[in-house]
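**Q** Sharing a structure with you now.
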Amino acid sequence: MKILLLTLMLLSTTANLFSESKWDQTLKLLKDRKTRVEGTKQLEQMGSDIVPDLKKAAFDATEEEYVRAAAIGKLGRLKAIEYREKIEECLLSDKSRMCRITASVSLGLIGNVKSIPVLKKAMQEDSSETSRMYAALALAKMGDYSGKEPAMEMLASSNINGQIVAVEILGVIGDKKLLPRLKTHLKDTNDEWKQLNTKEAIYSIEMKSLRGQELLEYLKNILYKDEFYMLHQWVAEKIANLKTPEAIKVLKSIASDKKAKGAHAAWKQLMVENKAKENK
């Protein structure tokens, strides 16, 4: 009987050690630049049981920046609303731009409207243009569109990362009244990045209300006709993300049609989809 009890105790201890070592292993992977991708993937597979560990890593000022940002992001994806106020504090006062950006993303994922005043403050006062845009994006996802004009201004700036976030903001808002201004801006600029992001903003707004076959036809038409090569992969990914057999058929059709402007992008996206299937 004593042997049985001892065995059970050892098994229980081993199980606890495994659980702890799994987090410790992930932490080590995240701290090493060479293994961060692997560590991030491993973190994504972990569940809400690691929330106490995430709290410790996220709000420890002595912890490495990347680890803190990864932990803050994971808290948001787990919708750990009990740490909303701590994440808000991070957004307003953390010295790390990466952590402030991740805090905005997390608050957007948690989606509690009590965070709106804090996000507005960050959108107006953060020292980083890109960080301000992420706050505006979180607001847009909560139904607060006060970041619309800042996003329009960002498209005209030289901040490429900010432009990319601005596109997403305008797509979430979906205000068709902005289309004439965006089309004028597109005509007036010779900068390829501004052209790309302005086009993406236009298409994002136009497709916001589309669903199913109507959306697929809209995207198919862009990939066939739009000559702007930098846009093609973005559209091909949008088609693939529909996750329907018909969407794959459309990609195959475009890839095999030499007249289609985005034929190469469609082919590349098909290769990505095939590789993803093989890795399952």
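Letters A, B, ... go to the chains of the structure tokens in the order shown; residues in each chain start at 1; ligands are counted from 1 in the same order.
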List the spatial neighbours of Glu85 (chain A) as number ranges by chain - criterion: any atom at most 10 Å away, only C-alpha atoms, same-chain residues fewer than 3 positions off excluded.
**A** A: 81-82, 88-91, 107, 114-115, 118
**Q** Need the shell around Asn159 (chain A): protein/DNA/RNA residues with any atom at most 10 Å away, counting only C-alpha atoms. Skip same-chain ones fewer than 3 positions apart. Format as a PyMOL selection string?
**A** chain A and resi 129-130+154-156+162-164+193-194
**Q** Can you measure CA of Lys258 (chain A) to CA of Ile222 (chain A) for me? One decimal in Å is fine.
**A**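 According to the coordinates, CA of Lys258 (chain A) and CA of Ile222 (chain A) are separated by 15.0 Å.
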**Q** Apply DSSP to the backbone of this structure and, from region 21-145 of chain A, keep only the residues in alpha helix (DSSP H); write these as a PyMOL selection string.
**A** chain A and resi 21-31+36-44+51-58+65-77+84-93+97-110+116-125+129-141
**Q** Take the residues that were just selected and, keeping C-alpha atoms, output them as a compact mmCIF listing (two decimals), in the first residue's frame.
**A**
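So the final result, stored in selection32.txt, reads:
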```
# COMPACT_ATOMS: atom_id res chain seq x y z
CA SER A 21 8.66 22.92 -17.52
CA LYS A 22 6.41 23.47 -20.53
CA TRP A 23 6.03 27.15 -19.63
CA ASP A 24 9.70 27.43 -18.67
CA GLN A 25 10.66 25.90 -22.00
CA THR A 26 8.43 28.35 -23.87
CA LEU A 27 9.92 31.23 -21.91
CA LYS A 28 13.45 30.19 -22.88
CA LEU A 29 12.46 29.93 -26.53
CA LEU A 30 10.92 33.42 -26.45
CA LYS A 31 14.03 34.94 -24.88
CA ARG A 36 11.38 33.11 -30.93
CA VAL A 37 9.28 31.88 -33.83
CA GLU A 38 9.17 28.40 -32.32
CA GLY A 39 8.44 29.86 -28.88
CA THR A 40 5.60 31.99 -30.25
CA LYS A 41 4.04 28.93 -31.92
CA GLN A 42 4.34 26.97 -28.70
CA LEU A 43 2.75 29.82 -26.74
CA GLU A 44 -0.23 29.84 -29.09
CA VAL A 51 -2.58 32.98 -17.16
CA PRO A 52 -0.74 33.35 -13.80
CA ASP A 53 2.58 32.84 -15.62
CA LEU A 54 1.54 35.32 -18.30
CA LYS A 55 0.66 37.92 -15.65
CA LYS A 56 4.09 37.56 -14.08
CA ALA A 57 5.88 37.89 -17.43
CA ALA A 58 3.68 40.67 -18.84
CA GLU A 65 10.66 43.34 -23.96
CA TYR A 66 9.73 40.60 -26.44
CA VAL A 67 8.64 38.22 -23.67
CA ARG A 68 6.50 40.92 -22.05
CA ALA A 69 4.86 41.81 -25.35
CA ALA A 70 4.18 38.14 -26.14
CA ALA A 71 2.60 37.64 -22.71
CA ILE A 72 0.43 40.77 -23.04
CA GLY A 73 -0.71 39.60 -26.46
CA LYS A 74 -1.58 36.15 -25.18
CA LEU A 75 -3.64 37.64 -22.32
CA GLY A 76 -5.66 39.49 -24.95
CA ARG A 77 -6.17 36.40 -27.09
CA ARG A 84 -7.79 44.72 -18.42
CA GLU A 85 -6.76 47.54 -16.06
CA LYS A 86 -3.17 46.31 -15.87
CA ILE A 87 -3.03 46.22 -19.69
CA GLU A 88 -4.47 49.74 -19.80
CA GLU A 89 -1.72 50.92 -17.43
CA CYS A 90 0.83 49.35 -19.76
CA LEU A 91 -0.69 51.16 -22.75
CA LEU A 92 -0.45 54.57 -21.10
CA SER A 93 2.86 54.34 -19.28
CA ARG A 97 6.57 50.84 -27.89
CA MET A 98 6.23 47.13 -28.64
CA CYS A 99 4.44 46.54 -25.34
CA ARG A 100 2.17 49.58 -25.82
CA ILE A 101 1.20 48.40 -29.29
CA THR A 102 0.51 44.89 -28.02
CA ALA A 103 -1.54 46.38 -25.17
CA SER A 104 -3.79 48.15 -27.70
CA VAL A 105 -4.21 44.94 -29.68
CA SER A 106 -5.07 43.01 -26.49
CA LEU A 107 -7.62 45.56 -25.35
CA GLY A 108 -9.24 45.37 -28.78
CA LEU A 109 -9.46 41.58 -28.45
CA ILE A 110 -10.88 41.76 -24.93
CA ILE A 116 -12.37 53.27 -24.76
CA PRO A 117 -11.27 56.39 -22.78
CA VAL A 118 -7.79 54.92 -22.27
CA LEU A 119 -7.49 53.96 -25.94
CA LYS A 120 -8.59 57.44 -27.00
CA LYS A 121 -5.94 58.97 -24.77
CA ALA A 122 -3.31 56.69 -26.30
CA MET A 123 -4.52 57.50 -29.82
CA GLN A 124 -4.10 61.21 -29.13
CA GLU A 125 -1.01 61.31 -26.93
CA GLU A 129 2.62 57.33 -34.70
CA THR A 130 2.31 53.58 -35.21
CA SER A 131 1.27 53.02 -31.60
CA ARG A 132 -1.43 55.70 -32.01
CA MET A 133 -2.74 53.85 -35.03
CA TYR A 134 -3.02 50.57 -33.12
CA ALA A 135 -5.04 52.36 -30.45
CA ALA A 136 -7.32 53.72 -33.19
CA LEU A 137 -7.70 50.20 -34.61
CA ALA A 138 -8.73 48.81 -31.22
CA LEU A 139 -11.29 51.62 -30.94
CA ALA A 140 -12.68 50.88 -34.40
CA LYS A 141 -13.14 47.22 -33.50
```
**Q** Considering only C-alpha atoms, state which residue in the set A:Lys34, A:Ala80, A:Gln213, A:Ser127 is at the smallest distance from Asp49 (chain A).
**A**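 Checking each of A:Lys34, A:Ala80, A:Gln213, A:Ser127 against Asp49 (chain A), counting only C-alpha atoms, the winner is A:Ala80.
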**Q** Quote the spacing between CA of Glu246 (chain A) and CA of Ala265 (chain A) in Å to one decimal place.
**A**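 Taking CA of Glu246 (chain A) and CA of Ala265 (chain A), their separation equals 17.4 Å.
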**Q** Rounded to one decimal, what separation in Å do you get between CA of Met142 (chain A) and CA of Gly111 (chain A)?
**A**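 According to the coordinates, CA of Met142 (chain A) and CA of Gly111 (chain A) are separated by 6.1 Å.
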**Q** Compile the contact shell of Asp191 (chain A) as a list in words: residues with an atom at most 10 Å away, counting only C-alpha atoms, same-chain residues fewer than 5 positions apart removed.
**A**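 Using only C-alpha atoms, the neighbours found are Ala156, Ser158, Leu186 and Leu196 of chain A.
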**Q** Write a file of the just-selected residues containing N, CA and C atoms, as a short mmCIF file (atom, residue, chain, number, x, y, z; two decimals), in the first residue's frame.
**A**
```cif
data_model
loop_
_atom_site.label_atom_id
_atom_site.label_comp_id
_atom_site.auth_asym_id
_atom_site.auth_seq_id
_atom_site.Cartn_x
_atom_site.Cartn_y
_atom_site.Cartn_z
N ALA A 156 -1.37 59.46 -45.90
CA ALA A 156 -0.62 60.47 -46.65
C ALA A 156 0.78 60.68 -46.08
N SER A 158 4.67 59.31 -44.46
CA SER A 158 5.75 58.45 -44.96
C SER A 158 5.95 57.21 -44.08
N LEU A 186 -5.08 58.71 -54.34
CA LEU A 186 -4.43 57.70 -55.17
C LEU A 186 -3.93 58.31 -56.48
N LEU A 196 -0.20 51.56 -52.98
CA LEU A 196 -0.61 50.23 -52.53
C LEU A 196 -1.60 50.33 -51.37
#
```
**Q** Could you name the residues that touch Ile248 (chain A) at 8 Å or less, counting only C-alpha atoms, but leaving out those on the same chain fewer than 5 positions away, as a PDB file with N, CA and C atoms, in the first residue's frame?
**A**
```
ATOM      1  N   ILE A 239      -8.735  35.869 -51.012  1.00  0.00           N
ATOM      2  CA  ILE A 239      -9.521  34.797 -51.639  1.00  0.00           C
ATOM      3  C   ILE A 239      -9.324  33.484 -50.888  1.00  0.00           C
ATOM      4  N   ALA A 240      -8.066  33.160 -50.592  1.00  0.00           N
ATOM      5  CA  ALA A 240      -7.758  31.915 -49.876  1.00  0.00           C
ATOM      6  C   ALA A 240      -8.410  31.892 -48.500  1.00  0.00           C
ATOM      7  N   LYS A 243     -11.794  30.260 -47.460  1.00  0.00           N
ATOM      8  CA  LYS A 243     -11.818  28.860 -47.006  1.00  0.00           C
ATOM      9  C   LYS A 243     -12.962  28.040 -47.612  1.00  0.00           C
ATOM     10  N   LEU A 270      -1.609  29.335 -54.036  1.00  0.00           N
ATOM     11  CA  LEU A 270      -1.935  27.908 -54.115  1.00  0.00           C
ATOM     12  C   LEU A 270      -0.818  27.053 -53.537  1.00  0.00           C
TER      13      LEU A 270
END
```
**Q** Which is closest to Leu223 (chain A) among A:Ile254, A:Ala247, A:Val113, A:Met152, if we use only C-alpha atoms?
**A**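 Nearest candidate to Leu223 (chain A) out of A:Ile254, A:Ala247, A:Val113, A:Met152: A:Ile254.
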**Q** May I ask which of the residues A:Ala255, A:Val172, A:Val272, A:Leu179 is the closest one to Asn241 (chain A), counting only C-alpha atoms?
**A**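 Ranked by minimum distance to Asn241 (chain A), first place goes to A:Val272.
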